[in-house]
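Trainee: Here's a structure for you.
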Amino acid sequence: MREWPLIDIYRSAPLFTGLRDPDRLGGRCGACEFRTICGGSRSRAYACSGDLFGEEPWCAYQPGSFPYRRELAPYV
């Protein structure tokens, strides 16, 4: 932070750009239709598995089980 402004670090550091990319998520989070608006807890995924982009271990939702897919499609 002494060499670069915080906003530049947030916008361009590989870690932060990766965290904003839902296509990098793995496990159930990567397969979930809500990954673009939820993303799960990255801190909990890292703490439980050591993988920052792994699945959210406490999420009970099973991807693909949402009953109103047609109504959801325009928003996701």
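We name chains A, B, ... following the order of the structure tokens; residues begin at 1 in each chain, and ligands are numbered from 1 as shown.
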I want to know what sits within 10 Å of Arg20 (chain A), based on only C-alpha atoms, with residues of the same chain fewer than 5 positions away left out; could you give that as a list in words?

Mentor: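 Here the qualifying residues turn out to be Arg11, Leu15, Leu25, Thr36 and Gly39 of chain A.
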
Trainee: Find the spatial neighbours of region 58-60 of chain A, counting only C-alpha atoms, within a cut-off of 10 Å - ignore same-chain residues fewer than 6 positions away - and output them as a ChimeraX atom specification.

Mentor: /A:28-29,40-41,44-45,48

Trainee: Write the residues you've just listed into a file as a PDB file, in the first residue's frame, and include all heavy atoms for each of them.

Mentor:
ATOM      1  N   ARG A  28     -19.722 -27.017  -5.992  1.00  0.00           N
ATOM      2  CA  ARG A  28     -21.129 -26.632  -6.171  1.00  0.00           C
ATOM      3  C   ARG A  28     -21.277 -25.166  -6.527  1.00  0.00           C
ATOM      4  O   ARG A  28     -22.157 -24.796  -7.281  1.00  0.00           O
ATOM      5  CB  ARG A  28     -21.934 -26.938  -4.913  1.00  0.00           C
ATOM      6  CG  ARG A  28     -22.174 -28.416  -4.700  1.00  0.00           C
ATOM      7  CD  ARG A  28     -22.988 -28.703  -3.465  1.00  0.00           C
ATOM      8  NE  ARG A  28     -22.258 -28.235  -2.293  1.00  0.00           N
ATOM      9  CZ  ARG A  28     -22.829 -27.632  -1.260  1.00  0.00           C
ATOM     10  NH1 ARG A  28     -24.114 -27.432  -1.219  1.00  0.00           N
ATOM     11  NH2 ARG A  28     -22.097 -27.236  -0.228  1.00  0.00           N
ATOM     12  N   CYS A  29     -20.413 -24.318  -5.982  1.00  0.00           N
ATOM     13  CA  CYS A  29     -20.499 -22.882  -6.295  1.00  0.00           C
ATOM     14  C   CYS A  29     -20.272 -22.639  -7.782  1.00  0.00           C
ATOM     15  O   CYS A  29     -20.917 -21.793  -8.386  1.00  0.00           O
ATOM     16  CB  CYS A  29     -19.494 -22.092  -5.471  1.00  0.00           C
ATOM     17  SG  CYS A  29     -19.906 -22.001  -3.718  1.00  0.00           S
ATOM     18  N   GLY A  40     -21.003 -17.384  -2.706  1.00  0.00           N
ATOM     19  CA  GLY A  40     -20.647 -18.084  -1.479  1.00  0.00           C
ATOM     20  C   GLY A  40     -19.633 -17.304  -0.657  1.00  0.00           C
ATOM     21  O   GLY A  40     -19.167 -16.238  -1.048  1.00  0.00           O
ATOM     22  N   SER A  41     -19.276 -17.852   0.462  1.00  0.00           N
ATOM     23  CA  SER A  41     -18.285 -17.218   1.330  1.00  0.00           C
ATOM     24  C   SER A  41     -16.899 -17.692   0.925  1.00  0.00           C
ATOM     25  O   SER A  41     -16.543 -18.848   1.138  1.00  0.00           O
ATOM     26  CB  SER A  41     -18.556 -17.578   2.792  1.00  0.00           C
ATOM     27  OG  SER A  41     -17.482 -17.151   3.595  1.00  0.00           O
ATOM     28  N   ARG A  44     -14.828 -18.628   4.100  1.00  0.00           N
ATOM     29  CA  ARG A  44     -15.159 -19.932   4.674  1.00  0.00           C
ATOM     30  C   ARG A  44     -14.648 -21.058   3.788  1.00  0.00           C
ATOM     31  O   ARG A  44     -14.148 -22.073   4.269  1.00  0.00           O
ATOM     32  CB  ARG A  44     -16.667 -20.046   4.893  1.00  0.00           C
ATOM     33  CG  ARG A  44     -17.027 -21.202   5.758  1.00  0.00           C
ATOM     34  CD  ARG A  44     -18.450 -21.196   6.304  1.00  0.00           C
ATOM     35  NE  ARG A  44     -19.430 -20.444   5.595  1.00  0.00           N
ATOM     36  CZ  ARG A  44     -20.060 -19.384   6.103  1.00  0.00           C
ATOM     37  NH1 ARG A  44     -19.785 -18.971   7.317  1.00  0.00           N
ATOM     38  NH2 ARG A  44     -20.977 -18.754   5.415  1.00  0.00           N
ATOM     39  N   ALA A  45     -14.741 -20.897   2.477  1.00  0.00           N
ATOM     40  CA  ALA A  45     -14.209 -21.898   1.552  1.00  0.00           C
ATOM     41  C   ALA A  45     -12.709 -22.075   1.769  1.00  0.00           C
ATOM     42  O   ALA A  45     -12.198 -23.196   1.833  1.00  0.00           O
ATOM     43  CB  ALA A  45     -14.494 -21.493   0.108  1.00  0.00           C
ATOM     44  N   CYS A  48     -11.940 -23.776   5.260  1.00  0.00           N
ATOM     45  CA  CYS A  48     -12.289 -25.198   5.361  1.00  0.00           C
ATOM     46  C   CYS A  48     -11.520 -26.091   4.406  1.00  0.00           C
ATOM     47  O   CYS A  48     -11.277 -27.253   4.702  1.00  0.00           O
ATOM     48  CB  CYS A  48     -13.797 -25.380   5.145  1.00  0.00           C
ATOM     49  SG  CYS A  48     -14.788 -24.682   6.463  1.00  0.00           S
TER      50      CYS A  48
END

Trainee: Would you mind writing down, as number ranges by chain, each residue of chain A that DSSP on the backbone assigns to helix (DSSP H, G or I)?

Mentor: A: 6-12, 14-19, 22-24, 27-31, 42-49, 69-75

Trainee: Create the file for the chosen residues now, containing N, CA, C and O atoms and written as a compact mmCIF listing (two decimals), in the first residue's frame.

Mentor:
# COMPACT_ATOMS: atom_id res chain seq x y z
N LEU A 6 -4.56 1.96 -2.93
CA LEU A 6 -5.43 0.83 -2.63
C LEU A 6 -6.39 0.53 -3.78
O LEU A 6 -6.62 -0.63 -4.11
N ILE A 7 -6.92 1.54 -4.41
CA ILE A 7 -7.86 1.32 -5.51
C ILE A 7 -7.20 0.61 -6.67
O ILE A 7 -7.80 -0.24 -7.32
N ASP A 8 -5.93 0.89 -6.94
CA ASP A 8 -5.21 0.18 -8.01
C ASP A 8 -4.99 -1.28 -7.66
O ASP A 8 -5.08 -2.16 -8.53
N ILE A 9 -4.69 -1.55 -6.40
CA ILE A 9 -4.52 -2.93 -5.95
C ILE A 9 -5.83 -3.69 -6.13
O ILE A 9 -5.87 -4.80 -6.66
N TYR A 10 -6.93 -3.10 -5.70
CA TYR A 10 -8.24 -3.75 -5.80
C TYR A 10 -8.62 -4.01 -7.26
O TYR A 10 -9.16 -5.06 -7.59
N ARG A 11 -8.35 -3.07 -8.13
CA ARG A 11 -8.76 -3.21 -9.53
C ARG A 11 -7.87 -4.13 -10.34
O ARG A 11 -8.34 -4.75 -11.29
N SER A 12 -6.59 -4.24 -10.01
CA SER A 12 -5.70 -4.96 -10.92
C SER A 12 -4.94 -6.14 -10.33
O SER A 12 -4.35 -6.91 -11.09
N PRO A 14 -4.12 -9.77 -9.28
CA PRO A 14 -4.70 -11.04 -9.74
C PRO A 14 -5.65 -11.69 -8.72
O PRO A 14 -6.67 -12.26 -9.11
N LEU A 15 -5.34 -11.58 -7.45
CA LEU A 15 -6.22 -12.16 -6.43
C LEU A 15 -7.60 -11.51 -6.46
O LEU A 15 -8.62 -12.20 -6.49
N PHE A 16 -7.65 -10.21 -6.50
CA PHE A 16 -8.94 -9.51 -6.47
C PHE A 16 -9.70 -9.64 -7.78
O PHE A 16 -10.93 -9.75 -7.77
N THR A 17 -9.03 -9.64 -8.91
CA THR A 17 -9.74 -9.86 -10.18
C THR A 17 -10.28 -11.28 -10.23
O THR A 17 -11.38 -11.51 -10.74
N GLY A 18 -9.55 -12.23 -9.67
CA GLY A 18 -10.03 -13.61 -9.62
C GLY A 18 -11.25 -13.76 -8.73
O GLY A 18 -12.18 -14.50 -9.05
N LEU A 19 -11.27 -13.06 -7.62
CA LEU A 19 -12.43 -13.14 -6.72
C LEU A 19 -13.69 -12.55 -7.34
O LEU A 19 -14.80 -12.94 -6.97
N PRO A 22 -16.86 -15.10 -11.41
CA PRO A 22 -17.62 -16.26 -10.96
C PRO A 22 -17.27 -17.54 -11.71
O PRO A 22 -17.55 -18.64 -11.23
N ASP A 23 -16.65 -17.44 -12.87
CA ASP A 23 -16.28 -18.63 -13.63
C ASP A 23 -15.09 -19.36 -13.01
O ASP A 23 -14.79 -20.49 -13.38
N ARG A 24 -14.43 -18.76 -12.05
CA ARG A 24 -13.29 -19.41 -11.38
C ARG A 24 -13.73 -20.25 -10.19
O ARG A 24 -12.94 -20.99 -9.63
N GLY A 27 -16.48 -26.60 -7.47
CA GLY A 27 -17.46 -27.37 -6.71
C GLY A 27 -18.88 -26.95 -7.00
O GLY A 27 -19.22 -26.56 -8.12
N ARG A 28 -19.72 -27.02 -5.99
CA ARG A 28 -21.13 -26.63 -6.17
C ARG A 28 -21.28 -25.17 -6.53
O ARG A 28 -22.16 -24.80 -7.28
N CYS A 29 -20.41 -24.32 -5.98
CA CYS A 29 -20.50 -22.88 -6.29
C CYS A 29 -20.27 -22.64 -7.78
O CYS A 29 -20.92 -21.79 -8.39
N GLY A 30 -19.36 -23.36 -8.38
CA GLY A 30 -19.08 -23.20 -9.80
C GLY A 30 -20.22 -23.67 -10.68
O GLY A 30 -20.40 -23.18 -11.79
N ALA A 31 -21.01 -24.63 -10.19
CA ALA A 31 -22.13 -25.16 -10.96
C ALA A 31 -23.45 -24.45 -10.66
O ALA A 31 -24.45 -24.67 -11.34
N ARG A 42 -16.13 -16.81 0.36
CA ARG A 42 -14.77 -17.16 -0.06
C ARG A 42 -13.87 -17.39 1.15
O ARG A 42 -12.99 -18.23 1.13
N SER A 43 -14.10 -16.66 2.25
CA SER A 43 -13.30 -16.85 3.45
C SER A 43 -13.57 -18.21 4.08
O SER A 43 -12.66 -18.90 4.52
N ARG A 44 -14.83 -18.63 4.10
CA ARG A 44 -15.16 -19.93 4.67
C ARG A 44 -14.65 -21.06 3.79
O ARG A 44 -14.15 -22.07 4.27
N ALA A 45 -14.74 -20.90 2.48
CA ALA A 45 -14.21 -21.90 1.55
C ALA A 45 -12.71 -22.08 1.77
O ALA A 45 -12.20 -23.20 1.83
N TYR A 46 -12.01 -20.97 1.91
CA TYR A 46 -10.56 -21.03 2.13
C TYR A 46 -10.22 -21.64 3.49
O TYR A 46 -9.32 -22.47 3.60
N ALA A 47 -10.95 -21.27 4.51
CA ALA A 47 -10.68 -21.78 5.85
C ALA A 47 -10.92 -23.29 5.95
O ALA A 47 -10.17 -24.00 6.63
N CYS A 48 -11.94 -23.78 5.26
CA CYS A 48 -12.29 -25.20 5.36
C CYS A 48 -11.52 -26.09 4.41
O CYS A 48 -11.28 -27.25 4.70
N SER A 49 -11.15 -25.56 3.24
CA SER A 49 -10.51 -26.43 2.24
C SER A 49 -9.12 -25.97 1.80
O SER A 49 -8.42 -26.72 1.14
N ARG A 69 -37.01 -21.72 -12.72
CA ARG A 69 -35.88 -21.38 -13.60
C ARG A 69 -36.25 -20.41 -14.70
O ARG A 69 -35.47 -19.53 -15.04
N ARG A 70 -37.41 -20.54 -15.29
CA ARG A 70 -37.81 -19.62 -16.38
C ARG A 70 -37.95 -18.20 -15.87
O ARG A 70 -37.56 -17.26 -16.54
N GLU A 71 -38.51 -18.04 -14.69
CA GLU A 71 -38.68 -16.72 -14.12
C GLU A 71 -37.33 -16.11 -13.74
O GLU A 71 -37.14 -14.90 -13.79
N LEU A 72 -36.39 -16.94 -13.38
CA LEU A 72 -35.07 -16.50 -12.95
C LEU A 72 -34.16 -16.13 -14.13
O LEU A 72 -33.32 -15.24 -14.02
N ALA A 73 -34.32 -16.76 -15.26
CA ALA A 73 -33.41 -16.63 -16.41
C ALA A 73 -33.10 -15.18 -16.80
O ALA A 73 -31.94 -14.87 -17.08
N PRO A 74 -34.05 -14.26 -16.86
CA PRO A 74 -33.71 -12.90 -17.26
C PRO A 74 -32.77 -12.16 -16.28
O PRO A 74 -32.15 -11.19 -16.65
N TYR A 75 -32.69 -12.63 -15.06
CA TYR A 75 -31.93 -11.93 -14.03
C TYR A 75 -30.54 -12.51 -13.77
O TYR A 75 -29.73 -11.89 -13.10

Trainee: What does the structure give for the distance between CA of Cys38 (chain A) and CA of Pro5 (chain A), in Å to one decimal?

Mentor: 27.9 Å

Trainee: In terms of the shortest atom-to-atom distance over only C-alpha atoms, which of A:Glu56, A:Asp51, A:Glu33, A:Asp21 is closest to Val76 (chain A)?

Mentor: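 Smallest separation from Val76 (chain A) among the options: A:Glu33.
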
Trainee: Please compute the CA of Phe53 (chain A)-CA of Arg35 (chain A) distance, one decimal, in Å.

Mentor: 11.6 Å

Trainee: What's the separation between CA of Cys32 (chain A) and CA of Gln62 (chain A), in Å to one decimal place?

Mentor: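 Distance reported for this atom pair: 7.7 Å.
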